[in-house]
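> Handing over my_file.pdb, PDB, C-alpha atoms and all ligand atoms.
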```
ATOM      1  CA  MET A   1      -8.615  16.818  -8.825
ATOM      2  CA  SER A   2      -9.401  16.638  -5.139
ATOM      3  CA  PRO A   3     -12.075  18.966  -3.748
ATOM      4  CA  THR A   4      -9.402  21.048  -2.042
ATOM      5  CA  ALA A   5      -7.075  21.343  -5.032
ATOM      6  CA  ALA A   6      -6.586  24.857  -6.335
ATOM      7  CA  ARG A   7      -8.578  25.815  -9.388
ATOM      8  CA  PRO A   8      -6.746  27.757 -12.060
ATOM      9  CA  ALA A   9      -7.299  31.475 -11.640
ATOM     10  CA  PRO A  10      -8.945  33.217 -14.600
ATOM     11  CA  TYR A  11      -6.060  35.641 -15.062
ATOM     12  CA  PRO A  12      -5.258  37.872 -16.769
ATOM     13  CA  ALA A  13      -8.688  39.399 -16.160
ATOM     14  CA  ARG A  14     -10.326  42.801 -16.248
ATOM     15  CA  VAL A  15     -12.587  44.726 -13.862
ATOM     16  CA  LEU A  16     -14.615  47.937 -13.965
ATOM     17  CA  GLY A  17     -14.969  50.263 -10.951
ATOM     18  CA  ILE A  18     -17.676  52.946 -10.742
ATOM     19  CA  ASP A  19     -18.151  55.527  -7.980
ATOM     20  CA  VAL A  20     -21.645  57.045  -7.808
ATOM     21  CA  GLY A  21     -21.377  60.512  -6.298
ATOM     22  CA  GLY A  22     -23.989  63.149  -5.608
ATOM     23  CA  THR A  23     -23.216  65.052  -8.804
ATOM     24  CA  SER A  24     -21.309  62.648 -11.048
ATOM     25  CA  MET A  25     -20.573  58.987 -11.675
ATOM     26  CA  LYS A  26     -16.875  58.204 -12.243
ATOM     27  CA  ALA A  27     -15.570  54.986 -13.754
ATOM     28  CA  ALA A  28     -12.314  53.304 -14.773
ATOM     29  CA  PHE A  29     -11.283  49.883 -16.055
ATOM     30  CA  ARG A  30      -8.304  48.004 -14.633
ATOM     31  CA  SER A  31      -6.484  44.913 -15.811
ATOM     32  CA  VAL A  32      -5.839  42.124 -13.338
ATOM     33  CA  HIS A  33      -2.412  40.635 -13.977
ATOM     34  CA  ALA A  34      -1.517  36.940 -13.791
ATOM     35  CA  ASP A  35      -0.292  37.410 -10.213
ATOM     36  CA  GLY A  36      -3.699  38.790  -9.177
ATOM     37  CA  LEU A  37      -2.510  42.406  -8.861
ATOM     38  CA  LEU A  38      -4.369  45.358 -10.358
ATOM     39  CA  GLY A  39      -2.974  47.372 -13.230
ATOM     40  CA  ALA A  40      -3.325  51.127 -13.659
ATOM     41  CA  ALA A  41      -6.678  52.806 -14.374
ATOM     42  CA  GLU A  42      -7.740  52.731 -18.041
ATOM     43  CA  HIS A  43     -10.492  54.518 -19.982
ATOM     44  CA  PRO A  44     -11.547  56.879 -17.162
ATOM     45  CA  ALA A  45     -15.067  58.206 -17.737
ATOM     46  CA  ARG A  46     -17.482  60.546 -15.991
ATOM     47  CA  ARG A  47     -21.210  61.243 -16.362
ATOM     48  CA  PRO A  48     -23.676  63.426 -14.396
ATOM     49  CA  THR A  49     -25.683  61.573 -11.740
ATOM     50  CA  PRO A  50     -29.428  61.924 -12.326
ATOM     51  CA  SER A  51     -31.540  62.431  -9.239
ATOM     52  CA  GLY A  52     -33.900  60.006  -7.531
ATOM     53  CA  ALA A  53     -35.236  56.789  -8.979
ATOM     54  CA  GLU A  54     -33.523  57.266 -12.348
ATOM     55  CA  THR A  55     -30.091  56.819 -10.816
ATOM     56  CA  ALA A  56     -30.058  53.011 -10.727
ATOM     57  CA  ASP A  57     -31.133  52.777 -14.377
ATOM     58  CA  ALA A  58     -28.602  55.409 -15.398
ATOM     59  CA  LEU A  59     -25.846  53.569 -13.532
ATOM     60  CA  GLY A  60     -26.686  50.277 -15.269
ATOM     61  CA  ALA A  61     -26.780  52.020 -18.650
ATOM     62  CA  PHE A  62     -23.436  53.751 -17.959
ATOM     63  CA  ALA A  63     -21.768  50.442 -17.099
ATOM     64  CA  ALA A  64     -23.274  48.694 -20.150
ATOM     65  CA  GLU A  65     -22.155  51.492 -22.496
ATOM     66  CA  LEU A  66     -18.616  51.503 -21.131
ATOM     67  CA  ILE A  67     -18.340  47.725 -21.536
ATOM     68  CA  ALA A  68     -19.761  47.936 -25.086
ATOM     69  CA  ALA A  69     -17.198  50.618 -25.936
ATOM     70  CA  HIS A  70     -14.106  49.207 -24.237
ATOM     71  CA  GLY A  71     -14.647  45.448 -24.042
ATOM     72  CA  PRO A  72     -15.956  42.896 -21.546
ATOM     73  CA  VAL A  73     -15.011  42.624 -17.880
ATOM     74  CA  ASP A  74     -14.979  39.733 -15.402
ATOM     75  CA  ALA A  75     -16.514  41.739 -12.552
ATOM     76  CA  VAL A  76     -17.835  45.210 -11.703
ATOM     77  CA  GLY A  77     -17.493  47.107  -8.414
ATOM     78  CA  ILE A  78     -19.746  50.014  -7.460
ATOM     79  CA  GLY A  79     -19.320  52.616  -4.735
ATOM     80  CA  ALA A  80     -22.366  54.454  -3.357
ATOM     81  CA  PRO A  81     -22.823  57.188  -0.735
ATOM     82  CA  GLY A  82     -25.032  57.272   2.353
ATOM     83  CA  ILE A  83     -25.861  54.055   4.185
ATOM     84  CA  VAL A  84     -24.872  51.001   2.166
ATOM     85  CA  ASP A  85     -25.307  47.322   2.992
ATOM     86  CA  ASP A  86     -22.235  45.918   1.263
ATOM     87  CA  VAL A  87     -23.190  42.326   2.083
ATOM     88  CA  ALA A  88     -26.802  42.476   0.822
ATOM     89  CA  GLY A  89     -25.839  44.742  -2.092
ATOM     90  CA  VAL A  90     -28.451  47.342  -1.145
ATOM     91  CA  ALA A  91     -28.103  51.140  -1.167
ATOM     92  CA  GLU A  92     -30.184  51.769   1.948
ATOM     93  CA  TYR A  93     -30.318  55.538   2.159
ATOM     94  CA  SER A  94     -28.777  58.601   0.570
ATOM     95  CA  VAL A  95     -29.712  62.260   0.178
ATOM     96  CA  ALA A  96     -27.773  62.790  -3.065
ATOM     97  CA  PRO A  97     -28.596  60.782  -5.056
ATOM     98  CA  ALA A  98     -31.944  60.550  -3.252
ATOM     99  CA  TRP A  99     -32.773  56.885  -2.820
ATOM    100  CA  ALA A 100     -33.910  54.354  -0.253
ATOM    101  CA  ASP A 101     -33.480  50.572  -0.197
ATOM    102  CA  VAL A 102     -32.368  50.204  -3.811
ATOM    103  CA  PRO A 103     -31.044  46.672  -4.578
ATOM    104  CA  LEU A 104     -28.296  48.254  -6.656
ATOM    105  CA  ARG A 105     -26.072  45.185  -6.992
ATOM    106  CA  ALA A 106     -28.862  42.981  -8.352
ATOM    107  CA  LEU A 107     -30.188  45.690 -10.692
ATOM    108  CA  VAL A 108     -26.791  46.338 -12.256
ATOM    109  CA  ALA A 109     -25.926  42.620 -12.481
ATOM    110  CA  GLU A 110     -29.210  42.000 -14.292
ATOM    111  CA  ARG A 111     -28.524  44.870 -16.686
ATOM    112  CA  LEU A 112     -25.070  43.417 -17.408
ATOM    113  CA  GLY A 113     -26.404  39.927 -18.131
ATOM    114  CA  GLY A 114     -25.131  38.298 -14.969
ATOM    115  CA  THR A 115     -21.629  39.790 -14.735
ATOM    116  CA  PRO A 116     -20.634  39.565 -11.043
ATOM    117  CA  VAL A 117     -21.183  42.896  -9.278
ATOM    118  CA  ALA A 118     -20.051  44.063  -5.818
ATOM    119  CA  LEU A 119     -21.427  47.088  -3.971
ATOM    120  CA  GLY A 120     -19.636  49.087  -1.293
ATOM    121  CA  HIS A 121     -19.876  52.347   0.622
ATOM    122  CA  ASP A 122     -17.882  55.079  -1.153
ATOM    123  CA  VAL A 123     -15.857  56.215   1.875
ATOM    124  CA  ARG A 124     -15.114  52.624   2.926
ATOM    125  CA  LEU A 125     -13.948  51.925  -0.629
ATOM    126  CA  GLY A 126     -11.706  54.984  -0.464
ATOM    127  CA  GLY A 127     -10.244  53.657   2.774
ATOM    128  CA  LEU A 128      -9.813  50.178   1.284
ATOM    129  CA  ALA A 129      -7.895  51.678  -1.644
ATOM    130  CA  GLU A 130      -5.695  53.790   0.649
ATOM    131  CA  GLY A 131      -4.899  50.618   2.619
ATOM    132  CA  ARG A 132      -4.042  48.424  -0.348
ATOM    133  CA  LEU A 133      -2.732  50.942  -2.863
ATOM    134  CA  GLY A 134      -2.169  54.239  -1.061
ATOM    135  CA  ALA A 135      -1.094  56.054   2.086
ATOM    136  CA  ALA A 136      -1.785  53.198   4.546
ATOM    137  CA  ALA A 137      -0.232  50.434   2.410
ATOM    138  CA  GLY A 138       1.453  47.912   4.677
ATOM    139  CA  SER A 139      -0.585  48.867   7.754
ATOM    140  CA  ARG A 140      -2.967  46.371   9.348
ATOM    141  CA  ASP A 141      -4.549  48.833  11.819
ATOM    142  CA  TYR A 142      -5.536  52.147  10.311
ATOM    143  CA  LEU A 143      -8.325  54.702  10.184
ATOM    144  CA  PHE A 144      -9.239  56.616   7.033
ATOM    145  CA  VAL A 145     -11.048  59.912   7.616
ATOM    146  CA  ALA A 146     -12.593  61.753   4.657
ATOM    147  CA  LEU A 147     -13.258  65.457   5.250
ATOM    148  CA  GLY A 148     -15.594  66.370   2.397
ATOM    149  CA  THR A 149     -19.137  67.711   2.210
ATOM    150  CA  GLY A 150     -19.623  65.504   5.262
ATOM    151  CA  VAL A 151     -17.112  63.543   7.320
ATOM    152  CA  GLY A 152     -16.848  59.810   6.682
ATOM    153  CA  GLY A 153     -14.502  57.134   7.889
ATOM    154  CA  MET A 154     -13.260  53.613   7.355
ATOM    155  CA  LEU A 155     -11.633  51.411   9.944
ATOM    156  CA  CYS A 156      -9.292  48.491   9.280
ATOM    157  CA  LEU A 157      -8.269  46.331  12.245
ATOM    158  CA  ASP A 158      -5.829  43.422  12.163
ATOM    159  CA  GLY A 159      -5.890  43.623   8.362
ATOM    160  CA  VAL A 160      -9.677  43.373   8.087
ATOM    161  CA  PRO A 161     -11.787  46.354   6.933
ATOM    162  CA  ARG A 162     -14.615  46.626   9.452
ATOM    163  CA  LEU A 163     -18.238  46.886   8.316
ATOM    164  CA  GLY A 164     -19.826  46.138  11.672
ATOM    165  CA  PRO A 165     -22.913  43.943  12.081
ATOM    166  CA  HIS A 166     -25.127  46.789  10.865
ATOM    167  CA  HIS A 167     -22.666  48.083   8.194
ATOM    168  CA  ARG A 168     -22.269  51.397  10.000
ATOM    169  CA  ALA A 169     -18.708  51.081  11.323
ATOM    170  CA  GLY A 170     -16.313  53.990  10.873
ATOM    171  CA  GLU A 171     -18.809  56.874  11.057
ATOM    172  CA  ILE A 172     -16.402  59.142  12.902
ATOM    173  CA  GLY A 173     -18.149  62.225  11.469
ATOM    174  CA  HIS A 174     -20.998  61.602  13.899
ATOM    175  CA  VAL A 175     -18.896  61.247  17.007
ATOM    176  CA  VAL A 176     -20.209  64.001  19.297
ATOM    177  CA  ILE A 177     -17.639  66.675  20.127
ATOM    178  CA  ASP A 178     -19.984  69.198  21.784
ATOM    179  CA  PRO A 179     -23.184  67.669  23.249
ATOM    180  CA  GLY A 180     -24.793  71.119  23.457
ATOM    181  CA  GLY A 181     -23.704  72.136  19.973
ATOM    182  CA  GLU A 182     -25.629  72.788  16.810
ATOM    183  CA  PRO A 183     -28.016  70.141  15.467
ATOM    184  CA  CYS A 184     -26.473  67.712  12.965
ATOM    185  CA  GLY A 185     -28.314  66.189  10.008
ATOM    186  CA  CYS A 186     -28.014  62.798  11.743
ATOM    187  CA  GLY A 187     -30.262  63.884  14.627
ATOM    188  CA  GLN A 188     -27.536  64.409  17.241
ATOM    189  CA  ARG A 189     -25.905  67.696  18.274
ATOM    190  CA  GLY A 190     -22.336  68.900  17.981
ATOM    191  CA  CYS A 191     -20.996  66.113  15.741
ATOM    192  CA  LEU A 192     -17.446  66.238  14.366
ATOM    193  CA  GLU A 193     -19.006  66.837  10.931
ATOM    194  CA  ASN A 194     -20.331  70.222  12.128
ATOM    195  CA  PHE A 195     -16.762  71.337  12.867
ATOM    196  CA  ALA A 196     -14.489  69.662  10.347
ATOM    197  CA  SER A 197     -16.455  69.034   7.130
ATOM    198  CA  ALA A 198     -16.138  71.495   4.249
ATOM    199  CA  THR A 199     -19.783  72.409   4.825
ATOM    200  CA  GLY A 200     -19.289  72.838   8.571
ATOM    201  CA  ILE A 201     -16.161  75.001   8.166
ATOM    202  CA  ALA A 202     -17.936  77.248   5.635
ATOM    203  CA  HIS A 203     -21.043  77.496   7.839
ATOM    204  CA  ARG A 204     -19.097  78.306  11.001
ATOM    205  CA  HIS A 205     -17.151  81.035   9.232
ATOM    206  CA  GLY A 206     -20.168  82.503   7.420
ATOM    207  CA  ALA A 207     -19.921  85.431   4.984
ATOM    208  CA  GLY A 208     -20.257  83.077   2.030
ATOM    209  CA  ALA A 209     -16.687  81.756   2.210
ATOM    210  CA  THR A 210     -15.994  78.167   1.156
ATOM    211  CA  ALA A 211     -13.824  75.887   3.294
ATOM    212  CA  HIS A 212     -11.031  76.382   0.777
ATOM    213  CA  GLU A 213     -11.320  80.141   1.191
ATOM    214  CA  VAL A 214     -11.414  79.814   4.980
ATOM    215  CA  ALA A 215      -8.142  77.845   4.787
ATOM    216  CA  ARG A 216      -6.557  80.543   2.607
ATOM    217  CA  LEU A 217      -7.772  83.367   4.885
ATOM    218  CA  ALA A 218      -6.497  81.496   7.946
ATOM    219  CA  ALA A 219      -3.084  81.083   6.286
ATOM    220  CA  GLU A 220      -3.063  84.857   5.612
ATOM    221  CA  GLY A 221      -3.670  85.585   9.299
ATOM    222  CA  ASP A 222      -7.394  86.418   9.255
ATOM    223  CA  PRO A 223      -8.470  86.007  12.930
ATOM    224  CA  ARG A 224     -12.019  84.727  12.299
ATOM    225  CA  ALA A 225     -10.880  82.187   9.694
ATOM    226  CA  GLY A 226      -8.002  81.172  11.960
ATOM    227  CA  GLU A 227     -10.409  80.514  14.827
ATOM    228  CA  VAL A 228     -12.719  78.385  12.663
ATOM    229  CA  TRP A 229      -9.729  76.439  11.283
ATOM    230  CA  SER A 230      -8.353  75.846  14.799
ATOM    231  CA  GLN A 231     -11.755  74.648  15.996
ATOM    232  CA  ALA A 232     -11.859  72.160  13.102
ATOM    233  CA  VAL A 233      -8.391  70.891  14.031
ATOM    234  CA  GLU A 234      -9.251  70.621  17.757
ATOM    235  CA  ALA A 235     -12.543  68.800  17.072
ATOM    236  CA  LEU A 236     -10.738  66.382  14.777
ATOM    237  CA  ALA A 237      -8.030  65.835  17.403
ATOM    238  CA  VAL A 238     -10.641  65.018  20.076
ATOM    239  CA  ALA A 239     -12.313  62.441  17.830
ATOM    240  CA  LEU A 240      -9.010  60.914  16.703
ATOM    241  CA  VAL A 241      -7.649  60.638  20.252
ATOM    242  CA  GLY A 242     -10.842  58.774  21.164
ATOM    243  CA  ALA A 243     -10.230  56.374  18.286
ATOM    244  CA  ILE A 244      -6.519  55.976  19.155
ATOM    245  CA  THR A 245      -7.321  55.305  22.828
ATOM    246  CA  LEU A 246      -9.900  52.697  21.942
ATOM    247  CA  LEU A 247      -8.158  50.987  19.052
ATOM    248  CA  ASP A 248      -4.350  51.578  19.196
ATOM    249  CA  LEU A 249      -3.893  52.599  15.564
ATOM    250  CA  ASP A 250      -0.820  52.440  13.367
ATOM    251  CA  VAL A 251      -1.787  55.046  10.735
ATOM    252  CA  ILE A 252      -4.498  57.690  10.342
ATOM    253  CA  VAL A 253      -5.041  58.735   6.713
ATOM    254  CA  VAL A 254      -6.796  62.087   6.246
ATOM    255  CA  GLY A 255      -8.484  62.605   2.868
ATOM    256  CA  GLY A 256     -11.308  64.543   1.251
ATOM    257  CA  GLY A 257     -11.367  68.114  -0.029
ATOM    258  CA  VAL A 258     -10.457  69.740   3.317
ATOM    259  CA  ALA A 259      -7.286  67.586   3.506
ATOM    260  CA  LYS A 260      -6.031  69.241   0.319
ATOM    261  CA  ALA A 261      -4.847  71.980   2.701
ATOM    262  CA  GLY A 262      -2.010  69.509   3.416
ATOM    263  CA  GLU A 263       0.368  70.534   6.189
ATOM    264  CA  GLN A 264      -1.800  73.536   7.094
ATOM    265  CA  LEU A 265      -4.183  70.909   8.460
ATOM    266  CA  LEU A 266      -1.883  67.987   9.276
ATOM    267  CA  GLY A 267       0.824  69.955  11.114
ATOM    268  CA  PRO A 268      -1.525  71.464  13.736
ATOM    269  CA  LEU A 269      -3.499  68.205  13.842
ATOM    270  CA  ARG A 270      -0.416  66.123  14.744
ATOM    271  CA  ALA A 271       0.435  68.688  17.432
ATOM    272  CA  ALA A 272      -3.128  68.731  18.835
ATOM    273  CA  VAL A 273      -3.302  64.933  18.906
ATOM    274  CA  GLY A 274       0.177  64.681  20.449
ATOM    275  CA  ALA A 275      -0.720  67.184  23.172
ATOM    276  CA  ARG A 276      -3.712  65.071  24.213
ATOM    277  CA  LEU A 277      -2.008  61.671  24.315
ATOM    278  CA  SER A 278      -0.522  60.279  27.508
ATOM    279  CA  PHE A 279       0.056  56.507  27.650
ATOM    280  CA  GLN A 280      -1.154  55.984  24.080
ATOM    281  CA  ARG A 281       1.358  55.697  21.259
ATOM    282  CA  PRO A 282       0.889  58.224  18.441
ATOM    283  CA  PRO A 283       0.022  56.816  15.031
ATOM    284  CA  ARG A 284       1.424  58.302  11.843
ATOM    285  CA  ILE A 285      -1.029  60.953  10.603
ATOM    286  CA  VAL A 286      -0.694  61.296   6.841
ATOM    287  CA  GLN A 287      -2.478  62.830   3.880
ATOM    288  CA  ALA A 288      -4.418  60.512   1.559
ATOM    289  CA  ALA A 289      -2.452  59.479  -1.530
ATOM    290  CA  LEU A 290      -5.213  58.670  -4.014
ATOM    291  CA  GLY A 291      -7.224  61.898  -3.829
ATOM    292  CA  ASP A 292     -10.496  61.978  -5.722
ATOM    293  CA  GLU A 293      -9.751  58.625  -7.366
ATOM    294  CA  ALA A 294      -9.757  56.593  -4.142
ATOM    295  CA  ALA A 295     -13.368  55.405  -4.314
ATOM    296  CA  VAL A 296     -13.104  54.377  -7.996
ATOM    297  CA  ALA A 297      -9.931  52.437  -7.139
ATOM    298  CA  GLY A 298     -11.725  50.833  -4.180
ATOM    299  CA  ALA A 299     -14.615  49.863  -6.453
ATOM    300  CA  ALA A 300     -12.112  48.086  -8.722
ATOM    301  CA  LEU A 301     -10.689  46.317  -5.654
ATOM    302  CA  ILE A 302     -14.054  44.883  -4.554
ATOM    303  CA  ALA A 303     -14.602  43.743  -8.157
ATOM    304  CA  LEU A 304     -11.164  42.082  -8.011
ATOM    305  CA  ASP A 305     -12.206  40.414  -4.753
ATOM    306  CA  LEU A 306     -15.049  38.668  -6.587
ATOM    307  CA  LEU A 307     -12.479  36.798  -8.671
ATOM    308  CA  PRO A 308     -10.693  33.776  -7.204
ATOM    309  CA  SER A 309      -7.204  34.534  -5.906
ATOM    310  CA  PRO A 310      -4.454  32.806  -7.869
ATOM    311  CA  GLY A 311      -4.382  29.267  -6.537
ATOM    312  CA  VAL A 312      -7.373  29.759  -4.242
ATOM    313  CA  PRO A 313     -10.878  28.397  -4.883
ATOM    314  CA  PRO A 314     -13.455  31.113  -5.589
ATOM    315  CA  VAL A 315     -15.781  32.403  -2.887
ATOM    316  CA  ALA A 316     -19.439  33.171  -3.432
ATOM    317  CA  HIS A 317     -19.770  36.799  -4.475
ATOM    318  CA  THR A 318     -22.546  37.262  -1.961
ATOM    319  CA  ALA A 319     -19.884  37.089   0.762
ATOM    320  CA  ALA A 320     -18.727  40.365   2.309
ATOM    321  CA  PRO A 321     -16.429  41.540  -0.470
ATOM    322  CA  MET A 322     -14.344  43.910   1.630
ATOM    323  CA  ALA A 323     -13.283  41.136   3.977
ATOM    324  CA  ALA A 324     -12.314  38.765   1.211
ATOM    325  CA  ARG A 325      -8.756  39.944   0.603
ATOM    326  CA  THR A 326      -6.793  42.147   2.862
ATOM    327  CA  GLU A 327      -3.181  41.414   2.001
ATOM    328  CA  SER A 328      -1.262  44.625   1.665
ATOM    329  CA  LYS A 329       0.745  43.118  -1.190
ATOM    330  CA  ASP A 330      -2.042  44.071  -3.615
ATOM    331  CA  LEU A 331      -0.154  47.087  -4.853
ATOM    332  CA  ILE A 332      -0.619  48.721  -8.198
ATOM    333  CA  SER A 333       1.990  47.181 -10.435
TER
HETATM  334 ZN    ZN A 401     -24.141  63.835  13.221
END
```
Could you take the file, read its structure, and then write that structure out as structure tokens?


Amino acid sequence: MSPTAARPAPYPARVLGIDVGGTSMKAAFRSVHADGLLGAAEHPARRPTPSGAETADALGAFAAELIAAHGPVDAVGIGAPGIVDDVAGVAEYSVAPAWADVPLRALVAERLGGTPVALGHDVRLGGLAEGRLGAAAGSRDYLFVALGTGVGGMLCLDGVPRLGPHHRAGEIGHVVIDPGGEPCGCGQRGCLENFASATGIAHRHGAGATAHEVARLAAEGDPRAGEVWSQAVEALAVALVGAITLLDLDVIVVGGGVAKAGEQLLGPLRAAVGARLSFQRPPRIVQAALGDEAAVAGAALIALDLLPSPGVPPVAHTAAPMAARTESKDLIS
């Protein structure tokens, strides 16, 4: 066998994806078929996320218990919130769970006796899954925007999900819309997140209404709710037009809890973006397809990326996992 000859791929195989959220950890197994494609989610499980320093231990224990109950896996992928160094495998900073500089990948791999583990940022994993399995499948140049408690994003250009040299690419929630606006948790003022996150929409409306309730009131013709909803749409349009102008995008996928409003959000958003464009070509603006399961699916994908492709020699699993495979043919079979 020459050094360049293909090694046999270890398929069929099996991976485990886990998404660590602020309140719960969600997991699912997936089979990897002989052609290297992922099967459907199996044995979905959920457990409360403990706070602070206990989280890493609890995550390792959760993974070990699932594997003991449902059988071994060839690789594990983990999604984490906040600032995540996917390449180093370190969860750098997060408010919920509250942690700083936790070497999560190494801790979980040690707990699992050396099973390969990949770590990624939860929103970037959601965007990866939408690109390979969901609403942006087939696109090489797309932006995923998650409108949840905060606003996160993931950018894929020329088929490659972008981390950036400091693993902070895609943070569209902290693009400044109003330089004189309210302070943002990031230290700037008037960020998109203040206008278009679920928290921001609820705060701007006041009176104890949630973003979901603001959407319902706006649909019923309530003037105050309608104004807050329109401001969210306009702020989002400003940020997206900036991204379109800079990057020339094919698809923009809008996900997160606020996007569950569907066409009540997307209809006015397409119109607001269209009204601002001149020479730029409008991308398709679509709702996310994978919903709350996107990050768990993305975690399974970065675990899959640790395995050698069929007919391709394996890469070291310390390499940037999100850049390893970007073919859009990796559809759920
Ligand atoms: Zn900000």

> Taking only C-alpha atoms into account, name the residue in A:Gly255, A:Pro81, A:Gly89, A:Gly159 that is nearest to Arg132 (chain A).

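Smallest separation from Arg132 (chain A) among the options: A:Gly159.
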
> Just say which residues the PyMOL selection byres (((chain A and resi 182) around 12) and not hetatm) picks in this file, as a list in words.

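On the file shown, the PyMOL selection byres (((chain A and resi 182) around 12) and not hetatm) covers Val176, Ile177, Asp178, Pro179, Gly180, Gly181, Pro183, Cys184, Gly185, Cys186, Gly187, Gln188, Arg189, Gly190, Cys191, Leu192, Glu193, Asn194, Phe195, Gly200, His203 and Arg204 of chain A.
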
> From the set A:His174, A:His212, A:Arg276, A:His167, which residue has the shortest atom-to-atom contact distance to ligand ZN 401 (chain A), counting all atoms listed in the file?

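Looking at the shortest contact to ligand ZN 401 (chain A), the residue is A:His174.
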
> Quick one: pull the distance between CA of Ala80 (chain A) and CA of Ala202 (chain A), Å, one decimal.

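The value is 24.9 Å.
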
> Which one is closest to Gly82 (chain A): A:Gly138, A:Gly22, A:Pro116, A:Pro103? Count only C-alpha atoms.

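Ranking A:Gly138, A:Gly22, A:Pro116, A:Pro103 by distance to Gly82 (chain A), first place goes to A:Gly22.
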
> Assuming the chain letters and numbering stay as they are in my file, what does the PyMOL selection byres (((chain A and resi 101) around 12) and not hetatm) actually select? List them as a list of chain:residue names.

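Evaluating the PyMOL selection byres (((chain A and resi 101) around 12) and not hetatm) on these coordinates yields A:Gly52, A:Ala53, A:Ala56, A:Gly82, A:Ile83, A:Val84, A:Asp85, A:Ala88, A:Gly89, A:Val90, A:Ala91, A:Glu92, A:Tyr93, A:Ser94, A:Ala98, A:Trp99, A:Ala100, A:Val102, A:Pro103, A:Leu104, A:Arg105.
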
> Got a sec to resolve the PyMOL selection byres (((chain A and resi 163) around 9) and not hetatm) on this structure and send the residues as a list of chain:residue names?

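Evaluating the PyMOL selection byres (((chain A and resi 163) around 9) and not hetatm) on this file yields A:Asp85, A:Asp86, A:Arg124, A:Met154, A:Leu155, A:Pro161, A:Arg162, A:Gly164, A:Pro165, A:His166, A:His167, A:Arg168, A:Ala169, A:Gly170, A:Ala320, A:Met322, A:Ala323.
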
> Counting only C-alpha atoms, which of A:Glu54, A:Asp158, A:Glu42, A:Glu110 gets nearest to Gly131 (chain A)?

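Checking each of A:Glu54, A:Asp158, A:Glu42, A:Glu110 against Gly131 (chain A), counting only C-alpha atoms, the winner is A:Asp158.
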
> Using all atoms listed in the file, can you tell me which of A:Phe279, A:Trp229, A:Tyr142, A:Phe29 comes closest to Leu247 (chain A)?

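Result for the nearest residue to Leu247 (chain A): A:Tyr142.
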
> For ligand ZN 401 (chain A), which of A:Val175, A:Ala61, A:Ser31, A:Leu157 is the closest residue, counting only C-alpha atoms and all ligand atoms?

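Closest residue, counting only C-alpha atoms and all ligand atoms: A:Val175.
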
> The residues within 12 Å of (0.1, 52.6, 3.6), using all atoms listed in the file and the coordinates of the file, should be reported as a PyMOL selection string; which are they?

chain A and resi 127-144+156+159+250-253+284-290+327-331

> Would you save the residues of that selection, restricted to C-alpha atoms, as a PDB file, keeping the file's coordinate frame?


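So out21.pdb came out as:
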```
ATOM      1  CA  GLY A 127     -10.244  53.657   2.774  1.00  0.00           C
ATOM      2  CA  LEU A 128      -9.813  50.178   1.284  1.00  0.00           C
ATOM      3  CA  ALA A 129      -7.895  51.678  -1.644  1.00  0.00           C
ATOM      4  CA  GLU A 130      -5.695  53.790   0.649  1.00  0.00           C
ATOM      5  CA  GLY A 131      -4.899  50.618   2.619  1.00  0.00           C
ATOM      6  CA  ARG A 132      -4.042  48.424  -0.348  1.00  0.00           C
ATOM      7  CA  LEU A 133      -2.732  50.942  -2.863  1.00  0.00           C
ATOM      8  CA  GLY A 134      -2.169  54.239  -1.061  1.00  0.00           C
ATOM      9  CA  ALA A 135      -1.094  56.054   2.086  1.00  0.00           C
ATOM     10  CA  ALA A 136      -1.785  53.198   4.546  1.00  0.00           C
ATOM     11  CA  ALA A 137      -0.232  50.434   2.410  1.00  0.00           C
ATOM     12  CA  GLY A 138       1.453  47.912   4.677  1.00  0.00           C
ATOM     13  CA  SER A 139      -0.585  48.867   7.754  1.00  0.00           C
ATOM     14  CA  ARG A 140      -2.967  46.371   9.348  1.00  0.00           C
ATOM     15  CA  ASP A 141      -4.549  48.833  11.819  1.00  0.00           C
ATOM     16  CA  TYR A 142      -5.536  52.147  10.311  1.00  0.00           C
ATOM     17  CA  LEU A 143      -8.325  54.702  10.184  1.00  0.00           C
ATOM     18  CA  PHE A 144      -9.239  56.616   7.033  1.00  0.00           C
ATOM     19  CA  CYS A 156      -9.292  48.491   9.280  1.00  0.00           C
ATOM     20  CA  GLY A 159      -5.890  43.623   8.362  1.00  0.00           C
ATOM     21  CA  ASP A 250      -0.820  52.440  13.367  1.00  0.00           C
ATOM     22  CA  VAL A 251      -1.787  55.046  10.735  1.00  0.00           C
ATOM     23  CA  ILE A 252      -4.498  57.690  10.342  1.00  0.00           C
ATOM     24  CA  VAL A 253      -5.041  58.735   6.713  1.00  0.00           C
ATOM     25  CA  ARG A 284       1.424  58.302  11.843  1.00  0.00           C
ATOM     26  CA  ILE A 285      -1.029  60.953  10.603  1.00  0.00           C
ATOM     27  CA  VAL A 286      -0.694  61.296   6.841  1.00  0.00           C
ATOM     28  CA  GLN A 287      -2.478  62.830   3.880  1.00  0.00           C
ATOM     29  CA  ALA A 288      -4.418  60.512   1.559  1.00  0.00           C
ATOM     30  CA  ALA A 289      -2.452  59.479  -1.530  1.00  0.00           C
ATOM     31  CA  LEU A 290      -5.213  58.670  -4.014  1.00  0.00           C
ATOM     32  CA  GLU A 327      -3.181  41.414   2.001  1.00  0.00           C
ATOM     33  CA  SER A 328      -1.262  44.625   1.665  1.00  0.00           C
ATOM     34  CA  LYS A 329       0.745  43.118  -1.190  1.00  0.00           C
ATOM     35  CA  ASP A 330      -2.042  44.071  -3.615  1.00  0.00           C
ATOM     36  CA  LEU A 331      -0.154  47.087  -4.853  1.00  0.00           C
TER      37      LEU A 331
END
```

> Go ahead and compute the interatomic distance for CA of Val117 (chain A) and CA of Gly17 (chain A), in Å to one decimal.

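So the answer is 9.8 Å.
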